[in-house]
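**Student:** Data: start36.cif, mmCIF, N, CA and C atoms.
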```
data_target
#
loop_
_atom_site.label_atom_id
_atom_site.label_comp_id
_atom_site.auth_asym_id
_atom_site.auth_seq_id
_atom_site.Cartn_x
_atom_site.Cartn_y
_atom_site.Cartn_z
N MET A 118 -22.66 -24.74 16.26
CA MET A 118 -22.60 -23.46 15.59
C MET A 118 -21.21 -23.27 15.00
N LYS A 119 -21.16 -22.79 13.80
CA LYS A 119 -19.90 -22.59 13.10
C LYS A 119 -19.26 -21.26 13.50
N GLU A 120 -17.93 -21.27 13.67
CA GLU A 120 -17.19 -20.06 14.04
C GLU A 120 -17.15 -19.10 12.87
N ARG A 121 -17.29 -17.81 13.16
CA ARG A 121 -17.25 -16.80 12.10
C ARG A 121 -15.83 -16.62 11.60
N THR A 122 -15.69 -16.42 10.31
CA THR A 122 -14.38 -16.20 9.72
C THR A 122 -14.39 -14.90 8.93
N GLU A 123 -13.19 -14.37 8.69
CA GLU A 123 -13.06 -13.11 7.96
C GLU A 123 -12.81 -13.30 6.47
N ASN A 124 -12.26 -14.41 6.09
CA ASN A 124 -11.90 -14.56 4.69
C ASN A 124 -12.28 -15.94 4.17
N ARG A 125 -11.98 -16.19 2.93
CA ARG A 125 -12.38 -17.44 2.31
C ARG A 125 -11.49 -18.62 2.67
N PHE A 126 -10.42 -18.40 3.43
CA PHE A 126 -9.51 -19.47 3.81
C PHE A 126 -9.82 -20.04 5.20
N ASN A 127 -10.95 -19.69 5.77
CA ASN A 127 -11.40 -20.18 7.08
C ASN A 127 -10.42 -19.89 8.20
N VAL A 128 -9.82 -18.70 8.17
CA VAL A 128 -8.94 -18.25 9.25
C VAL A 128 -9.82 -17.58 10.29
N PRO A 129 -9.76 -18.01 11.55
CA PRO A 129 -10.58 -17.35 12.58
C PRO A 129 -10.30 -15.85 12.64
N ALA A 130 -11.31 -15.09 12.94
CA ALA A 130 -11.25 -13.63 12.87
C ALA A 130 -10.11 -13.03 13.70
N GLY A 131 -9.78 -13.57 14.85
CA GLY A 131 -8.76 -12.96 15.70
C GLY A 131 -7.37 -13.49 15.51
N SER A 132 -7.14 -14.41 14.58
CA SER A 132 -5.84 -15.06 14.50
C SER A 132 -4.94 -14.57 13.38
N LYS A 133 -5.40 -13.69 12.52
CA LYS A 133 -4.49 -13.21 11.48
C LYS A 133 -3.99 -11.82 11.84
N SER A 134 -2.73 -11.58 11.52
CA SER A 134 -2.09 -10.32 11.85
C SER A 134 -1.04 -10.02 10.81
N ALA A 135 -0.87 -8.74 10.51
CA ALA A 135 0.12 -8.35 9.51
C ALA A 135 1.54 -8.41 10.08
N ILE A 136 1.69 -8.12 11.35
CA ILE A 136 3.00 -8.12 11.97
C ILE A 136 2.86 -8.67 13.39
N THR A 137 3.80 -9.49 13.78
CA THR A 137 3.74 -10.07 15.12
C THR A 137 4.48 -9.19 16.12
N PHE A 138 4.26 -9.45 17.40
CA PHE A 138 4.94 -8.69 18.44
C PHE A 138 6.45 -8.86 18.34
N GLY A 139 6.92 -10.08 18.06
CA GLY A 139 8.35 -10.34 17.93
C GLY A 139 8.97 -9.55 16.80
N SER A 140 8.27 -9.46 15.68
CA SER A 140 8.77 -8.69 14.54
C SER A 140 8.83 -7.20 14.87
N ALA A 141 7.79 -6.70 15.52
CA ALA A 141 7.77 -5.28 15.89
C ALA A 141 8.89 -4.96 16.87
N LEU A 142 9.12 -5.85 17.81
CA LEU A 142 10.20 -5.64 18.78
C LEU A 142 11.56 -5.67 18.09
N ALA A 143 11.77 -6.62 17.21
CA ALA A 143 13.04 -6.72 16.48
C ALA A 143 13.28 -5.49 15.61
N ILE A 144 12.24 -5.01 14.95
CA ILE A 144 12.37 -3.82 14.10
C ILE A 144 12.70 -2.60 14.95
N THR A 145 12.06 -2.48 16.10
CA THR A 145 12.33 -1.35 16.98
C THR A 145 13.75 -1.36 17.51
N ILE A 146 14.21 -2.53 17.96
CA ILE A 146 15.59 -2.65 18.45
C ILE A 146 16.58 -2.34 17.33
N SER A 147 16.33 -2.93 16.17
CA SER A 147 17.22 -2.72 15.03
C SER A 147 17.29 -1.25 14.64
N TRP A 148 16.15 -0.59 14.57
CA TRP A 148 16.13 0.82 14.18
C TRP A 148 16.87 1.68 15.20
N SER A 149 16.70 1.37 16.50
CA SER A 149 17.36 2.18 17.52
C SER A 149 18.88 2.04 17.49
N ILE A 150 19.37 0.91 16.99
CA ILE A 150 20.82 0.69 16.93
C ILE A 150 21.40 1.16 15.59
N HIS A 151 20.81 0.72 14.48
CA HIS A 151 21.41 0.92 13.16
C HIS A 151 20.86 2.11 12.37
N LYS A 152 19.66 2.56 12.67
CA LYS A 152 19.00 3.64 11.91
C LYS A 152 18.97 3.32 10.41
N SER A 153 18.66 2.06 10.09
CA SER A 153 18.64 1.61 8.71
C SER A 153 17.36 0.81 8.44
N VAL A 154 16.65 1.21 7.39
CA VAL A 154 15.42 0.50 7.02
C VAL A 154 15.74 -0.92 6.56
N LEU A 155 16.82 -1.09 5.83
CA LEU A 155 17.19 -2.42 5.34
C LEU A 155 17.45 -3.38 6.50
N TRP A 156 18.25 -2.95 7.48
CA TRP A 156 18.51 -3.80 8.64
C TRP A 156 17.24 -4.06 9.43
N ALA A 157 16.37 -3.07 9.54
CA ALA A 157 15.11 -3.25 10.26
C ALA A 157 14.25 -4.31 9.60
N ILE A 158 14.21 -4.31 8.27
CA ILE A 158 13.43 -5.33 7.54
C ILE A 158 14.04 -6.71 7.74
N ILE A 159 15.36 -6.80 7.63
CA ILE A 159 16.04 -8.10 7.82
C ILE A 159 15.81 -8.63 9.22
N HIS A 160 16.00 -7.78 10.22
CA HIS A 160 15.82 -8.21 11.61
C HIS A 160 14.36 -8.50 11.91
N GLY A 161 13.43 -7.77 11.29
CA GLY A 161 12.01 -8.07 11.45
C GLY A 161 11.65 -9.43 10.90
N PHE A 162 12.31 -9.82 9.82
CA PHE A 162 12.07 -11.14 9.23
C PHE A 162 12.50 -12.26 10.19
N PHE A 163 13.63 -12.05 10.87
CA PHE A 163 14.12 -13.06 11.81
C PHE A 163 13.48 -12.93 13.19
N SER A 164 12.78 -11.89 13.45
CA SER A 164 12.03 -11.56 14.66
C SER A 164 12.63 -12.05 15.96
N TRP A 165 12.09 -13.10 16.56
CA TRP A 165 12.52 -13.53 17.90
C TRP A 165 13.97 -14.00 17.91
N PHE A 166 14.49 -14.52 16.81
CA PHE A 166 15.89 -14.93 16.77
C PHE A 166 16.79 -13.71 16.99
N TYR A 167 16.45 -12.60 16.35
CA TYR A 167 17.24 -11.38 16.54
C TYR A 167 17.08 -10.82 17.95
N VAL A 168 15.86 -10.84 18.46
CA VAL A 168 15.62 -10.33 19.83
C VAL A 168 16.44 -11.13 20.84
N ILE A 169 16.44 -12.45 20.73
CA ILE A 169 17.21 -13.30 21.64
C ILE A 169 18.71 -13.05 21.47
N TYR A 170 19.16 -12.92 20.23
CA TYR A 170 20.57 -12.60 19.96
C TYR A 170 20.95 -11.28 20.62
N TYR A 171 20.09 -10.28 20.47
CA TYR A 171 20.36 -8.95 21.05
C TYR A 171 20.46 -9.05 22.58
N VAL A 172 19.55 -9.77 23.20
CA VAL A 172 19.56 -9.91 24.67
C VAL A 172 20.83 -10.64 25.13
N LEU A 173 21.24 -11.65 24.41
CA LEU A 173 22.42 -12.42 24.82
C LEU A 173 23.74 -11.68 24.59
N THR A 174 23.77 -10.76 23.64
CA THR A 174 25.02 -10.07 23.33
C THR A 174 25.13 -8.70 23.98
N ARG A 175 24.14 -8.23 24.65
CA ARG A 175 24.20 -6.91 25.31
C ARG A 175 24.36 -7.05 26.78
#
```
So that I can check it, write out the structure of this file as structure tokens.

**Tutor:**
Amino acid sequence: MKERTENRFNVPAGSKSAITFGSALAITISWSIHKSVLWAIIHGFFSWFYVIYYVLTR
């Protein structure tokens, strides 16, 4: 039996997401420190790298 997909690129229904947990966490941390949308976007792009950096420097 073939697995159901949501789109024409054969991506399984549960595996696509607009934002990952790491990105959401990085954006939240960034916003709480800087209160800047630009920094939140930049840190969200780097996601887990920023989260690990934050943990190591605090």

**Student:** Between atom CA of A:Ser153 and atom CA of A:Phe138, measure the distance and give it in Å to one decimal.

**Tutor:** 19.7 Å

**Student:** In Å, with one decimal, what is the gap from atom C of A:Ala143 to atom CA of A:His160?

**Tutor:**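 Between atom C of A:Ala143 and atom CA of A:His160 the gap is 5.5 Å.
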
**Student:** Fewer than 5 positions away in the same chain doesn't count, so skip those; otherwise give me all residues within 7 Å of A:Thr145, counting all atoms listed in the file, as a ChimeraX atom specification.

**Tutor:** /A:140,150,157

**Student:** Quick one: distance from atom N of A:Ala135 to atom C of A:Val172 in Å, one decimal?

**Tutor:**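 Value for the atom N of A:Ala135-atom C of A:Val172 distance: 26.2 Å.
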
**Student:** Counting all atoms listed in the file, what is within 6.5 Å of A:Trp156, bar same-chain residues fewer than 5 positions away, as a list in words?

**Tutor:**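 Selected residues are Ser147, Trp148 and Gly161 of chain A.
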
**Student:** Produce the centre coordinates and the three edge lengths, each in Å to one decimal, of the box along x, y and z that contains all listed atoms of stretch 138-147 of chain A with 3 Å added on each side, as JSON.

**Tutor:**
```
{"center_x": 10.8, "center_y": -5.8, "center_z": 16.4, "size_x": 19.0, "size_y": 15.1, "size_z": 10.7}
```

**Student:** May I ask which of the residues A:Phe163, A:Val154, A:Arg175, A:Tyr170 is the closest one to A:Gly139, counting all atoms listed in the file?

**Tutor:** A:Phe163

**Student:** Counting only C-alpha atoms, which of A:Leu155, A:Ile146, A:Ala141, A:Ile136 gets nearest to A:Tyr171?

**Tutor:**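 Of all the options, A:Ile146 lies closest to A:Tyr171.
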